[in-house]
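J.: Got a file for you: entry_24.cif, mmCIF, C-alpha atoms.
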```cif
data_coords
loop_
_atom_site.label_atom_id
_atom_site.label_comp_id
_atom_site.auth_asym_id
_atom_site.auth_seq_id
_atom_site.Cartn_x
_atom_site.Cartn_y
_atom_site.Cartn_z
CA MET A 19 0.00 0.00 0.00
CA THR A 20 1.35 3.38 -0.92
CA GLY A 21 0.44 6.95 -0.13
CA HIS A 22 -2.12 8.81 1.92
CA HIS A 23 -4.58 11.17 0.24
CA HIS A 24 -7.50 13.05 1.76
CA GLY A 25 -7.64 10.80 4.81
CA HIS A 26 -7.64 7.53 2.90
CA ALA A 27 -4.98 5.14 1.73
CA HIS A 28 -4.54 4.83 -2.01
CA VAL A 29 -3.12 1.57 -3.27
CA HIS A 30 -1.61 2.17 -6.68
CA GLU A 31 0.63 -0.30 -8.47
CA HIS A 32 -0.64 -0.17 -12.04
CA GLU A 33 0.91 -1.99 -14.95
CA HIS A 34 -2.04 -2.76 -17.14
CA GLU A 35 -1.80 -5.02 -20.12
CA HIS A 36 -4.22 -2.61 -21.83
CA GLU A 37 -3.18 0.82 -20.62
CA GLY A 38 -4.52 3.66 -22.71
CA SER A 39 -7.53 1.69 -23.92
CA GLU A 40 -11.03 1.85 -22.51
CA LEU A 41 -11.64 -1.75 -23.65
CA SER A 42 -9.36 -4.77 -23.39
CA GLY A 43 -8.71 -6.94 -26.43
CA MET A 44 -11.27 -9.46 -25.20
CA ALA A 45 -13.88 -6.76 -24.66
CA LEU A 46 -13.29 -5.39 -28.16
CA ARG A 47 -13.77 -8.84 -29.67
CA VAL A 48 -16.97 -9.33 -27.68
CA ARG A 49 -18.26 -5.94 -28.80
CA ALA A 50 -17.47 -6.77 -32.45
CA LEU A 51 -19.21 -10.14 -32.18
CA GLU A 52 -22.24 -8.52 -30.57
CA SER A 53 -22.47 -5.95 -33.37
CA LEU A 54 -22.18 -8.68 -36.03
CA LEU A 55 -24.90 -10.81 -34.45
CA VAL A 56 -27.27 -7.85 -34.31
CA GLU A 57 -26.43 -6.71 -37.84
CA LYS A 58 -27.07 -10.18 -39.28
CA GLY A 59 -30.34 -10.47 -37.40
CA TYR A 60 -29.17 -13.39 -35.26
CA ALA A 61 -29.71 -11.59 -31.99
CA ASP A 62 -32.16 -9.06 -30.63
CA PRO A 63 -30.38 -6.08 -29.00
CA ALA A 64 -32.98 -6.05 -26.21
CA ALA A 65 -32.36 -9.74 -25.52
CA LEU A 66 -28.61 -9.15 -25.40
CA ASP A 67 -29.10 -6.28 -22.97
CA ALA A 68 -31.27 -8.47 -20.76
CA LEU A 69 -28.70 -11.26 -20.82
CA ILE A 70 -25.87 -8.89 -19.94
CA GLU A 71 -27.95 -7.39 -17.12
CA THR A 72 -28.61 -10.87 -15.74
CA TYR A 73 -24.92 -11.78 -15.65
CA GLU A 74 -23.93 -8.34 -14.39
CA THR A 75 -26.32 -8.14 -11.46
CA ARG A 76 -27.54 -11.65 -10.67
CA ILE A 77 -25.61 -14.74 -11.78
CA GLY A 78 -22.05 -13.41 -11.48
CA PRO A 79 -22.32 -11.74 -8.07
CA ARG A 80 -23.89 -14.85 -6.58
CA ASN A 81 -20.43 -16.44 -6.57
CA GLY A 82 -18.97 -13.61 -4.56
CA ALA A 83 -21.97 -13.60 -2.24
CA ARG A 84 -21.32 -17.25 -1.45
CA VAL A 85 -17.69 -16.44 -0.66
CA VAL A 86 -18.73 -13.65 1.70
CA ALA A 87 -21.41 -15.77 3.36
CA ARG A 88 -18.91 -18.55 4.04
CA ALA A 89 -16.45 -16.03 5.48
CA TRP A 90 -19.18 -14.75 7.80
CA ALA A 91 -20.20 -18.23 8.91
CA ASP A 92 -16.84 -20.03 9.04
CA PRO A 93 -13.96 -18.34 10.93
CA ALA A 94 -11.42 -20.81 9.53
CA PHE A 95 -12.46 -20.00 5.96
CA ARG A 96 -12.40 -16.27 6.75
CA ASP A 97 -8.81 -16.56 7.97
CA HIS A 98 -7.89 -18.51 4.83
CA LEU A 99 -9.57 -15.86 2.67
CA ARG A 100 -7.63 -13.08 4.37
CA ARG A 101 -4.32 -14.96 4.05
CA ASP A 102 -4.72 -16.23 0.49
CA ALA A 103 -7.92 -15.10 -1.21
CA THR A 104 -6.94 -16.64 -4.53
CA ALA A 105 -6.63 -20.14 -3.06
CA ALA A 106 -9.71 -19.79 -0.85
CA ILE A 107 -11.88 -18.63 -3.75
CA HIS A 108 -10.48 -21.25 -6.12
CA GLY A 109 -11.24 -23.86 -3.47
CA MET A 110 -14.92 -22.97 -3.85
CA GLY A 111 -14.67 -23.58 -7.59
CA PHE A 112 -14.67 -19.96 -8.72
CA THR A 113 -11.78 -19.71 -11.13
CA GLY A 114 -11.04 -18.11 -14.45
CA ARG A 115 -9.44 -15.21 -16.22
CA GLN A 116 -9.62 -11.90 -14.32
CA GLY A 117 -9.57 -13.79 -11.04
CA GLU A 118 -6.06 -15.24 -10.93
CA HIS A 119 -4.73 -12.96 -8.19
CA MET A 120 -7.32 -12.01 -5.61
CA VAL A 121 -7.07 -10.07 -2.36
CA ALA A 122 -9.92 -9.91 0.16
CA VAL A 123 -10.29 -6.76 2.26
CA GLU A 124 -12.64 -6.77 5.23
CA ASN A 125 -14.82 -3.89 6.39
CA THR A 126 -14.91 -3.11 10.10
CA PRO A 127 -16.55 -0.38 12.19
CA GLU A 128 -13.22 1.47 12.03
CA GLU A 129 -12.45 1.00 8.33
CA HIS A 130 -14.44 0.82 5.10
CA ASN A 131 -12.91 -0.45 1.86
CA LEU A 132 -13.69 0.83 -1.62
CA VAL A 133 -12.41 -0.66 -4.89
CA VAL A 134 -11.71 1.27 -8.08
CA CYS A 135 -9.64 0.80 -11.21
CA THR A 136 -8.23 4.22 -11.97
CA LEU A 137 -6.91 3.53 -15.46
CA CYS A 138 -9.53 1.26 -17.00
CA SER A 139 -11.88 -1.38 -15.54
CA CYS A 140 -9.96 -4.29 -13.99
CA TYR A 141 -12.55 -6.34 -12.14
CA PRO A 142 -12.84 -9.83 -10.58
CA TRP A 143 -15.17 -11.48 -13.08
CA PRO A 144 -15.24 -14.99 -11.48
CA VAL A 145 -16.80 -13.62 -8.28
CA LEU A 146 -18.62 -10.48 -9.41
CA GLY A 147 -19.66 -11.17 -13.00
CA LEU A 148 -19.58 -8.26 -15.44
CA PRO A 149 -18.49 -4.83 -14.22
CA PRO A 150 -21.30 -2.26 -13.99
CA ALA A 151 -21.18 0.70 -16.36
CA TRP A 152 -20.53 3.18 -13.53
CA TYR A 153 -17.41 1.25 -12.45
CA LYS A 154 -15.88 1.98 -15.87
CA ALA A 155 -16.96 5.64 -15.95
CA PRO A 156 -14.16 8.24 -15.72
CA ALA A 157 -16.09 10.15 -13.05
CA TYR A 158 -16.11 7.18 -10.69
CA ARG A 159 -12.50 6.24 -11.45
CA SER A 160 -11.25 9.69 -10.53
CA ARG A 161 -13.64 10.76 -7.79
CA ALA A 162 -13.40 7.50 -5.85
CA VAL A 163 -9.78 8.41 -5.22
CA MET A 164 -10.18 12.14 -4.64
CA ASP A 165 -13.47 12.16 -2.72
CA PRO A 166 -14.41 8.62 -1.60
CA ARG A 167 -16.72 9.82 1.17
CA GLY A 168 -18.64 11.98 -1.29
CA VAL A 169 -18.91 9.11 -3.78
CA LEU A 170 -20.19 6.78 -1.09
CA ALA A 171 -22.78 9.36 -0.04
CA GLU A 172 -24.06 9.46 -3.63
CA PHE A 173 -24.50 5.69 -3.46
CA GLY A 174 -26.49 6.16 -0.26
CA VAL A 175 -23.72 5.08 2.12
CA ALA A 176 -23.25 7.54 4.99
CA LEU A 177 -20.36 6.43 7.19
CA PRO A 178 -19.51 7.83 10.63
CA GLU A 179 -16.87 10.55 10.49
CA GLY A 180 -14.51 8.35 12.46
CA THR A 181 -14.61 5.54 9.92
CA ARG A 182 -11.50 5.52 7.76
CA ILE A 183 -12.02 4.90 4.04
CA ARG A 184 -9.34 2.89 2.27
CA VAL A 185 -9.32 2.94 -1.53
CA TRP A 186 -7.83 -0.03 -3.35
CA ASP A 187 -6.72 0.38 -6.96
CA SER A 188 -7.47 -2.80 -8.91
CA THR A 189 -4.91 -3.73 -11.55
CA ALA A 190 -4.33 -6.35 -14.23
CA GLU A 191 -2.24 -8.21 -11.67
CA THR A 192 -4.38 -7.90 -8.52
CA ARG A 193 -8.12 -7.62 -8.00
CA TYR A 194 -9.97 -7.00 -4.77
CA LEU A 195 -13.07 -8.39 -3.11
CA VAL A 196 -14.61 -6.39 -0.25
CA ILE A 197 -16.01 -8.45 2.62
CA PRO A 198 -18.82 -6.25 4.01
CA MET A 199 -19.66 -6.30 7.68
CA ARG A 200 -22.11 -8.99 8.68
CA PRO A 201 -25.44 -7.45 9.71
CA ALA A 202 -26.55 -7.84 13.30
CA GLY A 203 -29.43 -10.22 13.92
CA THR A 204 -28.18 -12.97 11.58
CA GLU A 205 -26.80 -15.34 14.19
CA GLY A 206 -27.51 -18.95 13.27
CA TRP A 207 -28.38 -18.14 9.66
CA SER A 208 -27.38 -20.61 6.95
CA GLU A 209 -24.83 -19.60 4.34
CA GLU A 210 -27.62 -19.53 1.76
CA ARG A 211 -29.62 -17.00 3.77
CA LEU A 212 -26.53 -14.95 4.50
CA ALA A 213 -25.62 -14.83 0.81
CA ALA A 214 -28.96 -13.16 0.09
CA LEU A 215 -27.74 -10.15 2.10
CA VAL A 216 -24.69 -9.64 -0.10
CA SER A 217 -24.98 -7.46 -3.21
CA ARG A 218 -22.49 -6.84 -5.96
CA ASP A 219 -22.07 -3.25 -4.84
CA SER A 220 -21.32 -4.28 -1.25
CA MET A 221 -18.43 -6.38 -2.58
CA ILE A 222 -17.06 -3.33 -4.41
CA GLY A 223 -17.60 -1.16 -1.35
CA THR A 224 -20.26 1.19 -2.72
CA ALA A 225 -22.96 -0.37 -0.53
CA LEU A 226 -23.41 -2.10 2.80
CA ALA A 227 -24.82 -5.58 3.28
CA ARG A 228 -28.59 -5.69 3.18
CA PRO A 229 -30.40 -5.67 6.54
CA PRO A 230 -31.94 -9.00 7.60
CA ALA A 231 -35.46 -7.58 7.21
CA GLU A 232 -34.97 -7.34 3.43
CA ALA A 233 -34.05 -11.00 3.13
CA THR A 234 -36.95 -12.00 5.35
CA ALA A 235 -39.36 -9.96 3.23
CA ALA A 236 -38.01 -11.51 0.02
CA GLU A 237 -38.44 -14.99 1.47
CA ALA A 238 -42.03 -14.17 2.41
CA ARG A 239 -42.79 -12.97 -1.14
CA ALA A 240 -41.27 -16.15 -2.57
#
```
Would you mind giving the structure from this file in structure tokens?

T.:
Amino acid sequence: MTGHHHGHAHVHEHEHEHEGSELSGMALRVRALESLLVEKGYADPAALDALIETYETRIGPRNGARVVARAWADPAFRDHLRRDATAAIHGMGFTGRQGEHMVAVENTPEEHNLVVCTLCSCYPWPVLGLPPAWYKAPAYRSRAVMDPRGVLAEFGVALPEGTRIRVWDSTAETRYLVIPMRPAGTEGWSEERLAALVSRDSMIGTALARPPAEATAAEARA
């Protein structure tokens, strides 16, 4: 970790394989294939958008939510995750490109973690799915470093003044997973129920874990 800026620590060790480009080579190929499929009439743009939304907000983040839930429920796994997140996550079967070198950072009442990629959009796909559009936006990439408390407030996260905010700069070599604080009132919950409290944004640091009442209400509706 290097540097101190505006009351938060800024971790910055960037050597991107795609510096200077908004899209990686893989992303460019995917974009070209998507355009070709639409142009030839093989795919409906609305259907593609719906599919991307599903992987971005539902299927992908479920992997990370399971990791967090296990860390909450199993102290031995939590220690393993903190020591060697890559091995702990791989041990759950979540492997793949963009997830080779993982670091887990844990929120506490004294410290809140926020992840950003200041030069492009490095992101842990195996545990979070597709990166949201705002994560790739220049405004987020710059302001998360300069004014993390203000950015969090815009996401609806108001932290106590005494809580330190640590900003982690994701790179092509290292990606981060935030372990949000476990909500009170969840003692004895199964990992499945705990996972329902974990959102994609809480694993980036732009949200807190959902309160137990939300999960209970969702279960009642189901």

J.: Can you give me, as a list in words, the residues this file yields under the PyMOL selection byres ((chain A and resi 84) around 9)?

T.: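 Output from the PyMOL selection byres ((chain A and resi 84) around 9), applied to this file: Pro79, Arg80, Asn81, Gly82, Ala83, Val85, Val86, Ala87, Arg88, Ala89, Met110, Val145, Glu209, Glu210, Leu212, Ala213, Ala214 and Val216 of chain A.
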
J.: Considering only C-alpha atoms, state which residue in the set A:Val175, A:Val185, A:Ala202, A:Gly180 is at the smallest distance from Arg159 of chain A.

T.: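 Nearest to Arg159 of chain A: A:Val185.
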
J.: Could you expand the PyMOL selection byres ((chain A and resi 119-131) around 9) into the explicit residues it covers here, written as a ChimeraX atom specification?

T.: /A:99-105,107,116-118,132-133,142,177-178,180-186,190-199,222-224

J.: Check the smallest atom-to-atom distance from each of A:Arg161, A:Arg228, A:Arg218, A:Arg167 to Gly203 of chain A using all atoms listed in the file, then report the winner.

T.: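 That would be A:Arg228, the residue with the smallest distance to Gly203 of chain A.
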
J.: Figure out the distance between atom CA of Ser53 of chain A and atom CA of Asp219 of chain A, please, to one decimal in Å.

T.: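 The value is 28.7 Å.
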
J.: So the first atom is atom CA of Tyr153 of chain A and the second is atom CA of Gly168 of chain A; what is the distance between them in Å, to one decimal place?

T.: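 Atom CA of Tyr153 of chain A sits 15.5 Å away from atom CA of Gly168 of chain A.
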
J.: Between atom CA of Pro230 of chain A and atom CA of Trp90 of chain A, what is the distance, to one decimal in Å?

T.: 14.0 Å

J.: Run the PyMOL selection byres ((chain A and resi 156) around 10) against the file shown and list the residues it catches, as a compact mmCIF listing (two decimals) with C-alpha atoms, in the coordinates of the input.

T.:
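Everything below was put into part_34.txt:
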```txt
# COMPACT_ATOMS: atom_id res chain seq x y z
CA GLU A 40 -11.03 1.85 -22.51
CA CYS A 135 -9.64 0.80 -11.21
CA THR A 136 -8.23 4.22 -11.97
CA LEU A 137 -6.91 3.53 -15.46
CA CYS A 138 -9.53 1.26 -17.00
CA SER A 139 -11.88 -1.38 -15.54
CA TRP A 152 -20.53 3.18 -13.53
CA TYR A 153 -17.41 1.25 -12.45
CA LYS A 154 -15.88 1.98 -15.87
CA ALA A 155 -16.96 5.64 -15.95
CA ALA A 157 -16.09 10.15 -13.05
CA TYR A 158 -16.11 7.18 -10.69
CA ARG A 159 -12.50 6.24 -11.45
CA SER A 160 -11.25 9.69 -10.53
CA ARG A 161 -13.64 10.76 -7.79
CA ALA A 162 -13.40 7.50 -5.85
```

J.: Using 4 Å of padding on each side, determine the axis-aligned box around all atoms of segment 116-133 of chain A present in the file and give its centre and edge lengths in Å to one decimal, as AutoDock Vina command-line options.

T.:
```
--center_x -10.6 --center_y -6.9 --center_z -1.1 --size_x 19.8 --size_y 24.7 --size_z 34.5
```

J.: Save segment 163-176 of chain A to disk from that block, all heavy atoms included, as an mmCIF file, in the first residue's frame.

T.:
```
data_model
loop_
_atom_site.group_PDB
_atom_site.id
_atom_site.type_symbol
_atom_site.label_atom_id
_atom_site.label_comp_id
_atom_site.auth_asym_id
_atom_site.auth_seq_id
_atom_site.Cartn_x
_atom_site.Cartn_y
_atom_site.Cartn_z
ATOM 1 N N VAL A 163 -11.081 8.167 -5.829
ATOM 2 C CA VAL A 163 -9.778 8.412 -5.221
ATOM 3 C C VAL A 163 -9.750 9.765 -4.516
ATOM 4 O O VAL A 163 -9.284 9.885 -3.382
ATOM 5 C CB VAL A 163 -8.663 8.354 -6.289
ATOM 6 C CG1 VAL A 163 -7.322 8.781 -5.706
ATOM 7 C CG2 VAL A 163 -8.559 6.949 -6.865
ATOM 8 N N MET A 164 -10.271 10.784 -5.166
ATOM 9 C CA MET A 164 -10.184 12.145 -4.638
ATOM 10 C C MET A 164 -11.209 12.425 -3.545
ATOM 11 O O MET A 164 -10.934 13.166 -2.602
ATOM 12 C CB MET A 164 -10.370 13.155 -5.781
ATOM 13 C CG MET A 164 -9.341 13.016 -6.902
ATOM 14 S SD MET A 164 -7.636 13.181 -6.293
ATOM 15 C CE MET A 164 -7.682 14.869 -5.710
ATOM 16 N N ASP A 165 -12.397 11.859 -3.669
ATOM 17 C CA ASP A 165 -13.473 12.157 -2.717
ATOM 18 C C ASP A 165 -14.283 10.893 -2.435
ATOM 19 O O ASP A 165 -15.471 10.807 -2.769
ATOM 20 C CB ASP A 165 -14.370 13.248 -3.288
ATOM 21 C CG ASP A 165 -15.506 13.644 -2.335
ATOM 22 O OD1 ASP A 165 -15.361 13.399 -1.115
ATOM 23 O OD2 ASP A 165 -16.526 14.163 -2.821
ATOM 24 N N PRO A 166 -13.677 9.874 -1.822
ATOM 25 C CA PRO A 166 -14.407 8.616 -1.603
ATOM 26 C C PRO A 166 -15.635 8.771 -0.721
ATOM 27 O O PRO A 166 -16.654 8.144 -0.966
ATOM 28 C CB PRO A 166 -13.352 7.711 -0.952
ATOM 29 C CG PRO A 166 -12.361 8.645 -0.354
ATOM 30 C CD PRO A 166 -12.310 9.817 -1.276
ATOM 31 N N ARG A 167 -15.567 9.640 0.280
ATOM 32 C CA ARG A 167 -16.718 9.819 1.166
ATOM 33 C C ARG A 167 -17.887 10.427 0.393
ATOM 34 O O ARG A 167 -19.046 10.045 0.591
ATOM 35 C CB ARG A 167 -16.338 10.683 2.365
ATOM 36 C CG ARG A 167 -17.359 10.654 3.499
ATOM 37 C CD ARG A 167 -16.825 11.372 4.735
ATOM 38 N NE ARG A 167 -15.690 10.681 5.329
ATOM 39 C CZ ARG A 167 -15.795 9.683 6.203
ATOM 40 N NH1 ARG A 167 -16.989 9.281 6.598
ATOM 41 N NH2 ARG A 167 -14.721 9.112 6.705
ATOM 42 N N GLY A 168 -17.588 11.376 -0.485
ATOM 43 C CA GLY A 168 -18.640 11.977 -1.294
ATOM 44 C C GLY A 168 -19.249 10.981 -2.261
ATOM 45 O O GLY A 168 -20.473 10.961 -2.468
ATOM 46 N N VAL A 169 -18.412 10.138 -2.865
ATOM 47 C CA VAL A 169 -18.910 9.114 -3.784
ATOM 48 C C VAL A 169 -19.811 8.137 -3.046
ATOM 49 O O VAL A 169 -20.901 7.785 -3.513
ATOM 50 C CB VAL A 169 -17.732 8.372 -4.456
ATOM 51 C CG1 VAL A 169 -18.225 7.124 -5.183
ATOM 52 C CG2 VAL A 169 -17.014 9.291 -5.433
ATOM 53 N N LEU A 170 -19.380 7.709 -1.878
ATOM 54 C CA LEU A 170 -20.193 6.782 -1.093
ATOM 55 C C LEU A 170 -21.538 7.411 -0.721
ATOM 56 O O LEU A 170 -22.573 6.734 -0.751
ATOM 57 C CB LEU A 170 -19.444 6.356 0.162
ATOM 58 C CG LEU A 170 -18.255 5.409 -0.061
ATOM 59 C CD1 LEU A 170 -17.503 5.190 1.243
ATOM 60 C CD2 LEU A 170 -18.736 4.087 -0.639
ATOM 61 N N ALA A 171 -21.526 8.690 -0.386
ATOM 62 C CA ALA A 171 -22.776 9.362 -0.044
ATOM 63 C C ALA A 171 -23.742 9.342 -1.225
ATOM 64 O O ALA A 171 -24.953 9.170 -1.049
ATOM 65 C CB ALA A 171 -22.500 10.795 0.399
ATOM 66 N N GLU A 172 -23.206 9.489 -2.446
ATOM 67 C CA GLU A 172 -24.060 9.463 -3.625
ATOM 68 C C GLU A 172 -24.648 8.071 -3.860
ATOM 69 O O GLU A 172 -25.708 7.933 -4.467
ATOM 70 C CB GLU A 172 -23.266 9.921 -4.846
ATOM 71 C CG GLU A 172 -22.912 11.402 -4.800
ATOM 72 C CD GLU A 172 -22.012 11.828 -5.937
ATOM 73 O OE1 GLU A 172 -21.794 11.021 -6.865
ATOM 74 O OE2 GLU A 172 -21.526 12.973 -5.907
ATOM 75 N N PHE A 173 -23.967 7.051 -3.390
ATOM 76 C CA PHE A 173 -24.502 5.693 -3.461
ATOM 77 C C PHE A 173 -25.424 5.387 -2.273
ATOM 78 O O PHE A 173 -25.924 4.277 -2.147
ATOM 79 C CB PHE A 173 -23.360 4.672 -3.484
ATOM 80 C CG PHE A 173 -22.774 4.440 -4.846
ATOM 81 C CD1 PHE A 173 -21.659 5.146 -5.276
ATOM 82 C CD2 PHE A 173 -23.331 3.502 -5.702
ATOM 83 C CE1 PHE A 173 -21.108 4.924 -6.522
ATOM 84 C CE2 PHE A 173 -22.788 3.269 -6.954
ATOM 85 C CZ PHE A 173 -21.678 3.983 -7.378
ATOM 86 N N GLY A 174 -25.612 6.356 -1.400
ATOM 87 C CA GLY A 174 -26.490 6.160 -0.259
ATOM 88 C C GLY A 174 -25.813 5.590 0.967
ATOM 89 O O GLY A 174 -26.493 5.138 1.898
ATOM 90 N N VAL A 175 -24.475 5.612 0.994
ATOM 91 C CA VAL A 175 -23.717 5.083 2.122
ATOM 92 C C VAL A 175 -23.165 6.251 2.931
ATOM 93 O O VAL A 175 -22.253 6.951 2.479
ATOM 94 C CB VAL A 175 -22.564 4.173 1.658
ATOM 95 C CG1 VAL A 175 -21.767 3.668 2.860
ATOM 96 C CG2 VAL A 175 -23.105 3.005 0.843
ATOM 97 N N ALA A 176 -23.705 6.473 4.103
ATOM 98 C CA ALA A 176 -23.248 7.538 4.991
ATOM 99 C C ALA A 176 -22.496 6.892 6.148
ATOM 100 O O ALA A 176 -23.105 6.259 7.012
ATOM 101 C CB ALA A 176 -24.423 8.359 5.499
#
```
